[in-house]
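S.K.: This is work06.cif (mmCIF, C-alpha atoms).
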data_my_file
loop_
_atom_site.label_atom_id
_atom_site.label_comp_id
_atom_site.auth_asym_id
_atom_site.auth_seq_id
_atom_site.Cartn_x
_atom_site.Cartn_y
_atom_site.Cartn_z
CA MET A 1 102.12 104.29 133.78
CA LYS A 2 104.33 102.45 131.36
CA THR A 3 103.66 98.74 130.97
CA ASN A 4 106.23 96.52 132.63
CA PHE A 5 107.75 93.46 130.99
CA MET A 6 108.72 90.17 132.61
CA LYS A 7 111.53 88.05 131.21
CA VAL A 8 110.68 84.36 130.88
CA SER A 9 113.72 82.07 130.88
CA THR A 10 113.30 78.73 129.24
CA TRP A 11 113.58 75.46 131.14
CA ALA A 12 116.05 74.16 128.59
CA MET A 13 118.49 77.00 129.24
CA ALA A 14 118.36 76.43 133.00
CA LEU A 15 118.95 72.71 132.62
CA CYS A 16 121.89 73.27 130.31
CA ALA A 17 123.48 75.69 132.77
CA SER A 18 123.21 73.22 135.65
CA MET A 19 124.74 70.34 133.69
CA ALA A 20 127.36 72.22 131.70
CA VAL A 21 130.24 70.73 133.73
CA PHE A 22 129.24 67.22 132.71
CA THR A 23 127.92 67.37 129.17
CA ALA A 24 126.63 69.58 126.38
CA CYS A 25 122.85 70.01 126.35
CA ASN A 26 120.76 68.86 123.38
CA ASP A 27 123.65 68.26 121.02
CA ASP A 28 122.67 67.63 117.43
CA GLU A 29 123.83 64.43 115.78
CA ASP A 30 126.79 66.28 114.25
CA GLY A 31 128.00 67.28 117.70
CA THR A 32 127.00 70.92 117.54
CA THR A 33 124.83 72.59 120.16
CA PRO A 34 121.75 74.39 118.83
CA PRO A 35 121.29 78.02 119.82
CA PRO A 36 119.19 78.60 122.95
CA ALA A 37 115.50 79.32 122.53
CA PRO A 38 114.82 83.05 122.54
CA ASP A 39 113.59 84.79 125.64
CA VAL A 40 109.95 85.85 125.55
CA GLU A 41 108.77 89.08 127.12
CA ASN A 42 105.22 89.43 128.44
CA LEU A 43 103.21 92.33 127.10
CA GLY A 44 99.89 93.93 127.96
CA GLY A 45 98.08 96.70 129.79
CA ILE A 46 97.66 100.44 129.41
CA VAL A 47 100.50 102.38 127.77
CA THR A 48 100.82 106.12 128.43
CA GLU A 49 104.51 106.65 127.60
CA ASN A 50 106.51 105.84 124.47
CA MET A 51 107.30 102.14 124.21
CA THR A 52 109.63 100.26 121.85
CA LEU A 53 109.43 96.56 121.06
CA THR A 54 112.97 95.73 120.01
CA ALA A 55 114.04 94.06 116.78
CA ASN A 56 113.94 90.28 116.48
CA THR A 57 112.37 89.79 119.89
CA GLU A 58 109.39 87.62 120.78
CA TYR A 59 106.58 88.96 122.94
CA LYS A 60 103.59 87.22 124.50
CA LEU A 61 100.47 89.38 124.57
CA THR A 62 98.70 88.35 127.76
CA SER A 63 95.93 90.99 127.79
CA GLN A 64 94.82 94.00 125.78
CA LEU A 65 97.58 96.46 124.90
CA GLN A 66 95.90 99.88 124.85
CA VAL A 67 98.03 102.85 123.79
CA LYS A 68 96.81 106.27 124.94
CA ALA A 69 97.76 109.74 123.69
CA PRO A 70 100.41 110.99 123.32
CA ALA A 71 102.28 107.68 123.54
CA VAL A 72 103.91 106.08 120.49
CA LEU A 73 104.22 102.31 120.20
CA THR A 74 107.29 101.53 118.09
CA ILE A 75 107.66 97.97 116.79
CA GLU A 76 110.97 97.19 115.12
CA GLU A 77 111.62 94.73 112.31
CA GLY A 78 111.38 91.03 113.04
CA VAL A 79 109.27 91.38 116.17
CA LYS A 80 106.85 88.54 116.79
CA ILE A 81 103.85 89.11 119.05
CA THR A 82 101.84 86.04 120.06
CA ALA A 83 98.49 86.53 121.76
CA ALA A 84 97.81 84.12 124.60
CA ASP A 85 94.96 81.64 124.29
CA SER A 86 92.33 83.26 126.49
CA GLU A 87 88.59 83.44 127.08
CA ASP A 88 88.93 87.22 127.35
CA PRO A 89 89.55 89.46 124.31
CA ILE A 90 93.22 90.15 123.71
CA TYR A 91 93.98 92.89 121.20
CA ILE A 92 96.12 95.93 120.38
CA LEU A 93 94.32 99.28 120.40
CA ILE A 94 95.81 102.62 119.36
CA GLU A 95 93.64 105.44 120.69
CA GLN A 96 93.11 108.91 119.18
CA GLY A 97 96.27 110.99 119.44
CA ALA A 98 98.49 107.95 120.03
CA LYS A 99 100.54 106.31 117.26
CA ILE A 100 101.85 102.97 116.14
CA ASN A 101 105.09 102.90 114.17
CA ALA A 102 105.43 99.27 113.08
CA VAL A 103 108.01 98.99 110.30
CA GLY A 104 109.26 95.59 109.23
CA THR A 105 111.17 94.63 106.10
CA VAL A 106 110.59 92.27 103.18
CA GLU A 107 112.78 89.57 104.72
CA ASN A 108 112.08 90.41 108.35
CA PRO A 109 108.43 91.40 108.77
CA ILE A 110 106.55 92.11 111.96
CA VAL A 111 104.22 89.20 112.78
CA MET A 112 101.21 89.38 115.09
CA THR A 113 99.76 85.92 115.69
CA ALA A 114 98.07 83.74 118.30
CA GLU A 115 98.75 80.65 120.39
CA ASN A 116 95.39 79.38 119.17
CA LYS A 117 96.24 79.01 115.51
CA THR A 118 92.67 79.05 114.23
CA ALA A 119 90.43 81.87 113.07
CA GLY A 120 89.33 83.87 116.09
CA GLY A 121 92.44 83.25 118.14
CA TRP A 122 92.77 86.89 119.20
CA GLY A 123 91.26 90.35 118.73
CA GLY A 124 93.55 91.94 116.13
CA LEU A 125 94.71 95.54 115.70
CA HIS A 126 92.45 98.58 116.14
CA ILE A 127 93.46 102.15 115.29
CA CYS A 128 91.37 105.22 116.15
CA GLY A 129 91.91 108.64 114.60
CA TYR A 130 90.48 112.13 114.28
CA ALA A 131 89.50 111.99 110.59
CA PRO A 132 85.87 112.60 109.51
CA THR A 133 83.17 109.93 109.51
CA ASN A 134 79.49 110.21 108.69
CA ALA A 135 78.56 108.58 111.98
CA GLY A 136 79.73 111.55 114.01
CA SER A 137 81.95 110.65 116.94
CA GLY A 138 81.73 106.98 117.71
CA PHE A 139 83.39 104.33 119.83
CA SER A 140 85.35 101.31 118.66
CA GLU A 141 83.67 97.91 118.84
CA ILE A 142 86.50 96.64 121.01
CA GLY A 143 88.14 98.70 123.75
CA ASN A 144 85.40 101.38 123.70
CA ALA A 145 87.74 104.08 122.37
CA ALA A 146 86.47 107.27 120.72
CA TYR A 147 87.08 107.98 117.04
CA GLY A 148 86.16 110.57 114.41
CA GLY A 149 86.73 114.30 114.06
CA ASN A 150 87.61 117.00 111.53
CA ASP A 151 91.28 116.33 110.73
CA ALA A 152 91.43 114.58 107.35
CA ASN A 153 95.23 114.51 107.54
CA ASP A 154 95.42 113.04 111.04
CA ASN A 155 98.45 110.80 111.56
CA SER A 156 98.15 107.57 113.53
CA GLY A 157 101.58 106.29 112.50
CA VAL A 158 102.99 103.69 110.10
CA LEU A 159 102.29 100.04 109.27
CA LYS A 160 104.74 98.48 106.82
CA TYR A 161 105.54 94.83 106.24
CA VAL A 162 103.19 93.63 108.95
CA ARG A 163 101.33 90.30 108.98
CA LEU A 164 98.40 89.51 111.27
CA GLU A 165 97.26 85.92 111.74
CA TYR A 166 94.25 84.15 113.32
CA THR A 167 92.27 87.28 114.23
CA GLY A 168 88.51 87.55 114.74
CA PHE A 169 87.93 86.91 118.44
CA ALA A 170 84.17 86.58 119.09
CA LEU A 171 82.87 89.56 121.07
CA ASP A 172 79.38 88.06 121.35
CA ASP A 173 77.15 85.69 119.40
CA GLU A 174 76.88 88.08 116.45
CA HIS A 175 80.12 90.10 116.38
CA GLU A 176 83.76 89.26 115.90
CA SER A 177 86.81 91.52 115.74
CA ASN A 178 88.49 92.29 112.42
CA GLY A 179 92.10 91.79 111.42
CA ILE A 180 92.77 95.53 111.25
CA SER A 181 90.04 98.06 112.03
CA PHE A 182 90.61 101.66 110.92
CA TYR A 183 88.31 103.96 112.90
CA GLY A 184 88.35 107.50 111.53
CA VAL A 185 92.00 107.11 110.56
CA GLY A 186 93.50 110.01 108.63
CA ALA A 187 95.54 110.38 105.46
CA GLY A 188 98.68 111.19 107.44
CA THR A 189 98.84 107.52 108.41
CA GLN A 190 100.95 105.23 106.20
CA VAL A 191 99.77 101.67 105.52
CA SER A 192 101.74 99.52 103.07
CA TYR A 193 102.49 95.82 102.66
CA VAL A 194 100.03 94.37 105.15
CA GLN A 195 98.55 90.87 105.26
CA THR A 196 95.73 89.45 107.32
CA TYR A 197 95.75 85.66 107.25
CA VAL A 198 92.93 83.36 108.44
CA GLY A 199 90.44 85.41 110.45
CA ALA A 200 86.90 84.98 111.74
CA ASP A 201 85.60 88.37 110.57
CA ASP A 202 86.76 90.97 108.03
CA GLY A 203 90.37 91.28 107.00
CA LEU A 204 90.55 95.09 106.78
CA GLU A 205 87.61 97.32 107.67
CA PHE A 206 87.38 101.10 107.35
CA PHE A 207 84.97 103.02 109.58
CA GLY A 208 85.07 106.37 107.83
CA GLY A 209 88.32 108.27 107.65
CA THR A 210 90.66 109.16 104.82
CA VAL A 211 93.55 106.73 105.26
CA ASN A 212 95.26 105.45 102.10
CA VAL A 213 96.55 101.88 101.86
CA ASP A 214 98.58 99.91 99.36
CA HIS A 215 99.83 96.36 98.84
CA CYS A 216 97.33 94.67 101.14
CA VAL A 217 96.42 90.99 100.96
CA VAL A 218 93.64 89.20 102.84
CA VAL A 219 93.56 85.39 102.90
CA ASP A 220 90.62 83.40 104.29
CA CYS A 221 89.01 85.94 106.57
CA THR A 222 85.61 84.36 106.87
CA ASP A 223 83.35 87.40 106.75
CA ASP A 224 84.41 89.98 104.16
CA SER A 225 87.93 90.38 102.89
CA PHE A 226 87.70 94.17 102.63
CA ASP A 227 84.89 96.26 104.14
CA TRP A 228 84.15 99.96 104.34
CA THR A 229 81.40 102.04 105.93
CA GLU A 230 80.73 105.41 107.62
CA GLY A 231 82.12 107.48 104.76
CA TRP A 232 85.62 106.18 104.04
CA SER A 233 87.17 108.20 101.20
CA GLY A 234 90.80 107.06 100.98
CA THR A 235 92.72 105.45 98.13
CA ALA A 236 93.57 101.74 98.04
CA THR A 237 96.11 100.45 95.54
CA ASN A 238 97.21 96.86 94.91
CA LEU A 239 94.66 94.85 96.87
CA VAL A 240 94.41 91.05 96.85
CA ALA A 241 91.65 88.98 98.41
CA TYR A 242 91.92 85.20 98.30
CA GLN A 243 89.35 82.82 99.74
CA THR A 244 89.43 79.05 100.08
CA ASP A 245 87.19 78.69 103.15
CA ALA A 246 83.57 78.11 102.12
CA SER A 247 82.29 80.37 104.91
CA CYS A 248 84.02 83.48 103.52
CA ASP A 249 81.50 86.14 102.49
CA CYS A 250 82.11 89.13 100.21
CA LEU A 251 85.43 89.97 98.63
CA ILE A 252 84.50 93.62 99.17
CA GLU A 253 81.46 94.77 101.14
CA ALA A 254 81.00 98.50 100.63
CA ASP A 255 78.58 100.78 102.50
CA ASN A 256 78.16 104.49 102.94
CA ASN A 257 76.16 104.17 106.16
CA GLY A 258 73.84 101.28 106.90
CA ASP A 259 71.52 103.45 109.00
CA ASN A 260 71.40 106.45 106.66
CA PHE A 261 72.26 105.88 103.00
CA ASP A 262 72.48 109.66 102.41
CA ALA A 263 74.81 110.42 105.34
CA THR A 264 77.69 112.79 104.60
CA PRO A 265 80.56 112.76 103.95
CA VAL A 266 79.60 110.04 101.50
CA ALA A 267 81.90 107.04 101.24
CA HIS A 268 83.78 107.44 97.98
CA PRO A 269 87.12 105.62 97.93
CA THR A 270 89.41 105.25 94.94
CA LEU A 271 90.59 101.69 94.23
CA ARG A 272 93.33 100.74 91.80
CA ASN A 273 94.68 97.35 90.72
CA LEU A 274 92.67 94.64 92.47
CA TYR A 275 92.78 90.85 92.19
CA LEU A 276 89.88 89.27 94.07
CA VAL A 277 89.31 85.51 94.12
CA GLY A 278 86.34 83.98 95.93
CA ASN A 279 85.66 80.54 97.32
CA GLY A 280 83.05 79.42 94.77
CA SER A 281 80.43 79.15 97.52
CA SER A 282 76.80 78.82 96.42
CA GLU A 283 75.72 80.47 99.69
CA ASN A 284 78.14 83.40 99.94
CA LYS A 285 77.65 84.49 96.36
CA ARG A 286 78.79 88.12 96.17
CA GLY A 287 82.17 89.40 95.12
CA ILE A 288 82.16 93.22 95.12
CA ARG A 289 78.97 94.33 96.86
CA LEU A 290 78.24 98.06 96.46
CA ARG A 291 75.35 99.12 98.69
CA ALA A 292 73.96 101.43 101.42
CA GLY A 293 74.57 104.55 99.35
CA THR A 294 78.29 104.08 98.77
CA ARG A 295 80.12 105.55 95.82
CA ALA A 296 83.37 104.23 94.38
CA ASP A 297 85.94 104.77 91.66
CA ILE A 298 87.46 101.42 90.67
CA ASP A 299 90.07 101.22 87.92
CA GLY A 300 91.63 97.84 87.23
CA ALA A 301 90.09 94.79 88.88
CA LYS A 302 89.82 91.06 88.29
CA VAL A 303 86.97 89.41 90.19
CA ALA A 304 86.34 85.66 90.09
CA GLY A 305 85.16 82.76 92.21
CA LYS A 306 81.72 84.17 93.08
CA PRO A 307 78.39 83.46 91.33
CA ASN A 308 77.61 87.19 91.56
CA PRO A 309 80.98 88.89 91.16
CA LEU A 310 79.57 92.46 91.10
CA THR A 311 76.28 93.49 92.72
CA ILE A 312 74.60 96.88 93.00
CA GLU A 313 72.17 97.66 95.84
CA THR A 314 70.28 100.78 96.99
CA THR A 315 69.05 103.62 94.81
CA GLN A 316 71.79 106.05 95.87
CA THR A 317 74.55 103.65 94.83
CA ASP A 318 72.80 102.86 91.55
CA ASP A 319 72.24 106.56 90.76
CA ALA A 320 75.90 107.42 91.40
CA LEU A 321 77.00 104.80 88.89
CA ALA A 322 74.36 105.79 86.33
CA ASN A 323 75.22 109.51 86.45
CA GLY A 324 78.99 109.03 86.48
CA THR A 325 79.62 110.12 90.07
CA SER A 326 80.98 106.60 90.59
CA VAL A 327 83.15 105.06 87.89
CA LEU A 328 84.00 101.46 87.07
CA LYS A 329 86.61 100.88 84.38
CA ASN A 330 89.01 98.12 83.41
CA VAL A 331 86.98 95.79 85.62
CA GLN A 332 86.86 92.16 84.51
CA ILE A 333 84.35 89.87 86.19
CA ALA A 334 83.93 86.11 85.81
CA GLY A 335 80.16 86.34 85.55
CA VAL A 336 77.68 89.13 85.00
CA LEU A 337 76.69 92.28 86.86
CA LYS A 338 73.64 91.95 89.09
CA ASN A 339 71.57 95.02 89.97
CA ASP A 340 69.20 94.37 92.86
CA VAL A 341 67.58 97.83 92.77
CA THR A 342 63.97 97.83 91.59
CA GLY A 343 64.01 99.78 88.33
CA GLY A 344 67.81 99.96 88.51
CA LYS A 345 69.57 102.14 85.96
CA TYR A 346 73.13 100.81 85.93
CA LEU A 347 72.85 97.48 84.13
CA SER A 348 75.15 95.19 82.18
CA ALA A 349 74.95 97.41 79.10
CA ASN A 350 76.14 100.41 81.10
CA PHE A 351 78.90 98.41 82.70
CA LEU A 352 80.12 97.02 79.37
CA ALA A 353 80.11 100.52 77.88
CA GLY A 354 82.72 101.52 80.44
CA GLN A 355 86.37 101.56 79.40
CA GLY A 356 87.91 98.09 79.52
CA ASN A 357 85.06 96.41 81.40
CA ALA A 358 84.18 92.78 80.65
CA GLU A 359 81.67 90.19 81.80
CA ASN A 360 82.23 86.43 81.73
CA ALA A 361 85.95 87.05 81.68
CA ARG A 362 88.33 84.12 81.92
CA ILE A 363 90.31 84.82 85.08
CA ALA A 364 92.93 82.50 86.53
CA THR A 365 92.19 81.73 90.16
CA THR A 366 94.97 79.65 91.72
CA TRP A 367 97.30 81.39 94.16
CA ASP A 368 100.21 80.73 91.81
CA ASP A 369 98.26 82.39 89.02
CA VAL A 370 97.61 85.49 91.11
CA ALA A 371 101.21 85.71 92.32
CA GLY A 372 102.36 85.11 88.75
CA ASP A 373 100.57 88.21 87.50
CA LEU A 374 103.22 90.85 86.86
CA SER A 375 101.19 93.45 88.73
CA PHE A 376 101.19 91.28 91.85
CA ALA A 377 104.74 89.90 91.85
CA TRP A 378 105.12 91.34 95.36
CA LEU A 379 103.02 88.39 96.60
CA ASN A 380 106.12 86.23 96.12
CA ASP A 381 108.09 88.23 98.69
CA ALA A 382 109.10 86.53 101.94
CA TRP A 383 106.79 88.57 104.19
CA VAL A 384 103.63 87.10 102.59
CA THR A 385 102.23 83.77 103.76
CA ALA A 386 101.26 82.01 100.54
CA VAL A 387 98.26 79.75 100.03
CA GLN A 388 99.34 76.15 99.46
#
Let me see whether you can do it: turn the structure in this file into structure tokens.

M.R.:
Amino acid sequence: MKTNFMKVSTWAMALCASMAVFTACNDDEDGTTPPPAPDVENLGGIVTENMTLTANTEYKLTSQLQVKAPAVLTIEEGVKITAADSEDPIYILIEQGAKINAVGTVENPIVMTAENKTAGGWGGLHICGYAPTNAGSGFSEIGNAAYGGNDANDNSGVLKYVRLEYTGFALDDEHESNGISFYGVGAGTQVSYVQTYVGADDGLEFFGGTVNVDHCVVVDCTDDSFDWTEGWSGTATNLVAYQTDASCDCLIEADNNGDNFDATPVAHPTLRNLYLVGNGSSENKRGIRLRAGTRADIDGAKVAGKPNPLTIETTQTDDALANGTSVLKNVQIAGVLKNDVTGGKYLSANFLAGQGNAENARIATTWDDVAGDLSFAWLNDAWVTAVQ
């Protein structure tokens, strides 16, 4: 059944219509009449047929919006979706075999936000695919949808010029929802120019899969800015994490599998061109945290604002760095590497021997500094909410 919409006419428009014979309604001081407030369409429920949210229209998300195969949810440029303030979780979930095609523009992005304009205001966006994970077939933390499979090139659609605000709805006392959760999402999916802004959990989290992402910025998501687990092996290019909230945790928290460090396929993403700025917290000390057996190839990163900007945990992760399976190069950290593995092999000397690596680097940390870096000039585009 396709979800129905309900038009909501504004009180102001009705009043103006009833009094038009006598006077203009809400004239500005210069005598002109402002344009009427836009109509708002209610949105929510189970979607089983193709649905299009039309350009430059406002929608109120009143419940979960759960898209089932083979339906495609198309969101045109300039659409604004506002989640209602609710005690129940409100979120958007794209199930296996369904797709989301959300394509905004630089000047006219797609915005997903909340009436409650604080972290945790709504449940965010969740996408489930058929790509491999090392957890076998699992179920999403929100919506209980299956994910995982054997199709590395699975296609869950397109996200481009999309901003999500105030995500992180609390599911229970210990778990919140992320900004965007990628569950076994495949490399056929396109993700570019995405921002998560002020959230109560992670900004972007990858549960396995092979999806590639680029031009992603996470601002003040109070758990980890970027997080991967369950064997994610995609490529991420042009990532920015920026934290001002003291409760923000890692800039990147990276696991293979927390229950089985040797699980296969082993998490081994490729990361290029990162600028990661922490909150200076003495409690949440870690910047890039490589642990639980993960591997990684990182080329080009600036990491500042954390007492421990780069930490190594678990023997498997340490061994992969020591034997060259994982590679760190052109990584500048404002501090020193910390290896928490007893008898660890990959130490500061190994790190500094890598091409272009540096400890105690002087890294500019204001938002203007980051956006002023030539490699990150895209942060000045209109679709990004800047940090004041």

S.K.: Write out as JSON lines the residues of stretch 216-334 of chain A that have any atom within 10 Å of an atom of stretch 148-172 of chain A, one row each with the nearest atom pair and its distance in Å to one decimal, counting all atoms listed in the file, sorted by chain and then rising number.

M.R.:
{"residue": "A:Cys216", "atom": "CA", "partner": "A:Tyr161", "partner_atom": "CA", "distance": 9.7}
{"residue": "A:Val217", "atom": "CA", "partner": "A:Arg163", "partner_atom": "CA", "distance": 9.4}
{"residue": "A:Val218", "atom": "CA", "partner": "A:Leu164", "partner_atom": "CA", "distance": 9.7}
{"residue": "A:Val219", "atom": "CA", "partner": "A:Glu165", "partner_atom": "CA", "distance": 9.6}
{"residue": "A:Asp220", "atom": "CA", "partner": "A:Tyr166", "partner_atom": "CA", "distance": 9.8}
{"residue": "A:Cys221", "atom": "CA", "partner": "A:Gly168", "partner_atom": "CA", "distance": 8.3}
{"residue": "A:Thr222", "atom": "CA", "partner": "A:Gly168", "partner_atom": "CA", "distance": 9.0}
{"residue": "A:Asp223", "atom": "CA", "partner": "A:Gly168", "partner_atom": "CA", "distance": 9.5}
{"residue": "A:Ser233", "atom": "CA", "partner": "A:Ala152", "partner_atom": "CA", "distance": 9.8}
{"residue": "A:Gly234", "atom": "CA", "partner": "A:Ala152", "partner_atom": "CA", "distance": 9.9}

S.K.: Next, write the just-selected residues to a file, as a compact mmCIF listing (two decimals), in the coordinates of the input, keeping C-alpha atoms as the atom set.

M.R.:
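As written to disk, out_7.txt reads:
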# COMPACT_ATOMS: atom_id res chain seq x y z
CA CYS A 216 97.33 94.67 101.14
CA VAL A 217 96.42 90.99 100.96
CA VAL A 218 93.64 89.20 102.84
CA VAL A 219 93.56 85.39 102.90
CA ASP A 220 90.62 83.40 104.29
CA CYS A 221 89.01 85.94 106.57
CA THR A 222 85.61 84.36 106.87
CA ASP A 223 83.35 87.40 106.75
CA SER A 233 87.17 108.20 101.20
CA GLY A 234 90.80 107.06 100.98

S.K.: For the structure provided, state which residues fall under the PyMOL selection byres ((chain A and resi 367-381) around 12), and present them as JSON, numbers by chain.

M.R.: {"A": [105, 106, 107, 108, 109, 161, 192, 193, 194, 195, 214, 215, 216, 217, 218, 219, 237, 238, 239, 240, 241, 242, 243, 244, 272, 273, 274, 275, 276, 277, 278, 300, 301, 302, 303, 304, 363, 364, 365, 366, 382, 383, 384, 385, 386, 387, 388]}

S.K.: Output C-alpha atoms for every residue in the selection just made, as a PDB file, in the coordinates of the input.

M.R.:
ATOM      1  CA  THR A 105     111.170  94.630 106.100  1.00  0.00           C
ATOM      2  CA  VAL A 106     110.590  92.270 103.180  1.00  0.00           C
ATOM      3  CA  GLU A 107     112.780  89.570 104.720  1.00  0.00           C
ATOM      4  CA  ASN A 108     112.080  90.410 108.350  1.00  0.00           C
ATOM      5  CA  PRO A 109     108.430  91.400 108.770  1.00  0.00           C
ATOM      6  CA  TYR A 161     105.540  94.830 106.240  1.00  0.00           C
ATOM      7  CA  SER A 192     101.740  99.520 103.070  1.00  0.00           C
ATOM      8  CA  TYR A 193     102.490  95.820 102.660  1.00  0.00           C
ATOM      9  CA  VAL A 194     100.030  94.370 105.150  1.00  0.00           C
ATOM     10  CA  GLN A 195      98.550  90.870 105.260  1.00  0.00           C
ATOM     11  CA  ASP A 214      98.580  99.910  99.360  1.00  0.00           C
ATOM     12  CA  HIS A 215      99.830  96.360  98.840  1.00  0.00           C
ATOM     13  CA  CYS A 216      97.330  94.670 101.140  1.00  0.00           C
ATOM     14  CA  VAL A 217      96.420  90.990 100.960  1.00  0.00           C
ATOM     15  CA  VAL A 218      93.640  89.200 102.840  1.00  0.00           C
ATOM     16  CA  VAL A 219      93.560  85.390 102.900  1.00  0.00           C
ATOM     17  CA  THR A 237      96.110 100.450  95.540  1.00  0.00           C
ATOM     18  CA  ASN A 238      97.210  96.860  94.910  1.00  0.00           C
ATOM     19  CA  LEU A 239      94.660  94.850  96.870  1.00  0.00           C
ATOM     20  CA  VAL A 240      94.410  91.050  96.850  1.00  0.00           C
ATOM     21  CA  ALA A 241      91.650  88.980  98.410  1.00  0.00           C
ATOM     22  CA  TYR A 242      91.920  85.200  98.300  1.00  0.00           C
ATOM     23  CA  GLN A 243      89.350  82.820  99.740  1.00  0.00           C
ATOM     24  CA  THR A 244      89.430  79.050 100.080  1.00  0.00           C
ATOM     25  CA  ARG A 272      93.330 100.740  91.800  1.00  0.00           C
ATOM     26  CA  ASN A 273      94.680  97.350  90.720  1.00  0.00           C
ATOM     27  CA  LEU A 274      92.670  94.640  92.470  1.00  0.00           C
ATOM     28  CA  TYR A 275      92.780  90.850  92.190  1.00  0.00           C
ATOM     29  CA  LEU A 276      89.880  89.270  94.070  1.00  0.00           C
ATOM     30  CA  VAL A 277      89.310  85.510  94.120  1.00  0.00           C
ATOM     31  CA  GLY A 278      86.340  83.980  95.930  1.00  0.00           C
ATOM     32  CA  GLY A 300      91.630  97.840  87.230  1.00  0.00           C
ATOM     33  CA  ALA A 301      90.090  94.790  88.880  1.00  0.00           C
ATOM     34  CA  LYS A 302      89.820  91.060  88.290  1.00  0.00           C
ATOM     35  CA  VAL A 303      86.970  89.410  90.190  1.00  0.00           C
ATOM     36  CA  ALA A 304      86.340  85.660  90.090  1.00  0.00           C
ATOM     37  CA  ILE A 363      90.310  84.820  85.080  1.00  0.00           C
ATOM     38  CA  ALA A 364      92.930  82.500  86.530  1.00  0.00           C
ATOM     39  CA  THR A 365      92.190  81.730  90.160  1.00  0.00           C
ATOM     40  CA  THR A 366      94.970  79.650  91.720  1.00  0.00           C
ATOM     41  CA  ALA A 382     109.100  86.530 101.940  1.00  0.00           C
ATOM     42  CA  TRP A 383     106.790  88.570 104.190  1.00  0.00           C
ATOM     43  CA  VAL A 384     103.630  87.100 102.590  1.00  0.00           C
ATOM     44  CA  THR A 385     102.230  83.770 103.760  1.00  0.00           C
ATOM     45  CA  ALA A 386     101.260  82.010 100.540  1.00  0.00           C
ATOM     46  CA  VAL A 387      98.260  79.750 100.030  1.00  0.00           C
ATOM     47  CA  GLN A 388      99.340  76.150  99.460  1.00  0.00           C
TER      48      GLN A 388
END

S.K.: Could you give me, as a list in words, the residues within 12 Å of A:Gly136, counting all atoms listed in the file and dropping anything in the same chain fewer than 5 positions from it?

M.R.: Tyr130, Ala131, Ala146, Tyr147, Gly148, Gly149, Asn150, Tyr183, Gly184, Phe207, Gly208, Gly209, Glu230, Gly231, Asn257, Ala263, Thr264 and Pro265 of chain A

S.K.: Restricting the calculation to only C-alpha atoms: of A:Ala334, A:Ala114, A:Ala69, A:Leu290, which residue gets closest to A:Asp318?

M.R.: A:Leu290

S.K.: Report, in Å to a single decimal, how far apart atom CA of A:Asn212 and atom CA of A:Val72 are.

M.R.: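 Between atom CA of A:Val72 and atom CA of A:Asn212 the gap works out to 20.3 Å.
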
S.K.: Any chance you could resolve the PyMOL selection byres ((chain A and resi 284-289) around 8) against this file and give the residues as a ChimeraX atom specification?

M.R.: /A:246-254,276,278,280-283,290-291,303-313

S.K.: Near A:Ile81, within 12 Å and counting only C-alpha atoms, which residues show up once chain neighbours fewer than 2 positions away are dropped, as a VMD selection string?

M.R.: chain A and resid 40 to 44 53 to 63 65 75 to 79 83 to 84 90 to 92 102 109 to 115 122 124 to 125 162 to 165

S.K.: Restricting the calculation to all atoms listed in the file, which member of A:Val341, A:Cys128, A:Val103, A:Val213 is positioned closest to A:Gln66?

M.R.: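 Of A:Val341, A:Cys128, A:Val103, A:Val213, the one nearest A:Gln66 is A:Cys128, counting all atoms listed in the file.
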
S.K.: Give the answer as one residue: which of A:Gly104, A:Gly344, A:Gly324, A:Gly97 has the shortest atom-to-atom distance to A:Thr189, using all atoms listed in the file?

M.R.: A:Gly97

S.K.: Between atom CA of A:Asn134 and atom CA of A:Asp259, what is the distance, to one decimal in Å?

M.R.: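 Atom-to-atom, atom CA of A:Asn134 to atom CA of A:Asp259, that is 10.5 Å.
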
S.K.: Could you put an axis-aligned box around every listed atom of stretch 160-166 of chain A, padded by 3 Å on each side, and send me its centre and edge lengths in Å to one decimal, as JSON?

M.R.:
{"center_x": 99.9, "center_y": 91.3, "center_z": 109.8, "size_x": 17.3, "size_y": 20.3, "size_z": 13.1}

S.K.: Would you please work out which residue, of A:Gln355, A:Thr235, A:Asn279, A:Thr314, is nearest to A:Ala296 when using only C-alpha atoms?

M.R.: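 For A:Ala296, the nearest of the given residues is A:Thr235.
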
S.K.: Of the candidates A:Val185, A:Glu95, A:Ala119, A:Ile100, which one gets nearest to A:Asn144 if we count all atoms listed in the file?

M.R.: A:Glu95

S.K.: To one decimal place in Å, what is the distance between atom CA of A:Lys117 and atom CA of A:Gly199?

M.R.: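 Separation between atom CA of A:Lys117 and atom CA of A:Gly199: 10.0 Å.
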
S.K.: Any chance you could work out the residue set of the PyMOL selection byres ((chain A and resi 320) around 10) here, as a JSON list (two decimals) with C-alpha atoms, keeping the file's coordinate frame?

M.R.:
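Output saved as part-v8.json:
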[["chain", "number", "residue", "atom", "x", "y", "z"],
["A", 293, "GLY", "CA", 74.57, 104.55, 99.35],
["A", 294, "THR", "CA", 78.29, 104.08, 98.77],
["A", 295, "ARG", "CA", 80.12, 105.55, 95.82],
["A", 296, "ALA", "CA", 83.37, 104.23, 94.38],
["A", 315, "THR", "CA", 69.05, 103.62, 94.81],
["A", 316, "GLN", "CA", 71.79, 106.05, 95.87],
["A", 317, "THR", "CA", 74.55, 103.65, 94.83],
["A", 318, "ASP", "CA", 72.80, 102.86, 91.55],
["A", 319, "ASP", "CA", 72.24, 106.56, 90.76],
["A", 321, "LEU", "CA", 77.00, 104.80, 88.89],
["A", 322, "ALA", "CA", 74.36, 105.79, 86.33],
["A", 323, "ASN", "CA", 75.22, 109.51, 86.45],
["A", 324, "GLY", "CA", 78.99, 109.03, 86.48],
["A", 325, "THR", "CA", 79.62, 110.12, 90.07],
["A", 326, "SER", "CA", 80.98, 106.60, 90.59],
["A", 327, "VAL", "CA", 83.15, 105.06, 87.89],
["A", 345, "LYS", "CA", 69.57, 102.14, 85.96],
["A", 346, "TYR", "CA", 73.13, 100.81, 85.93]]
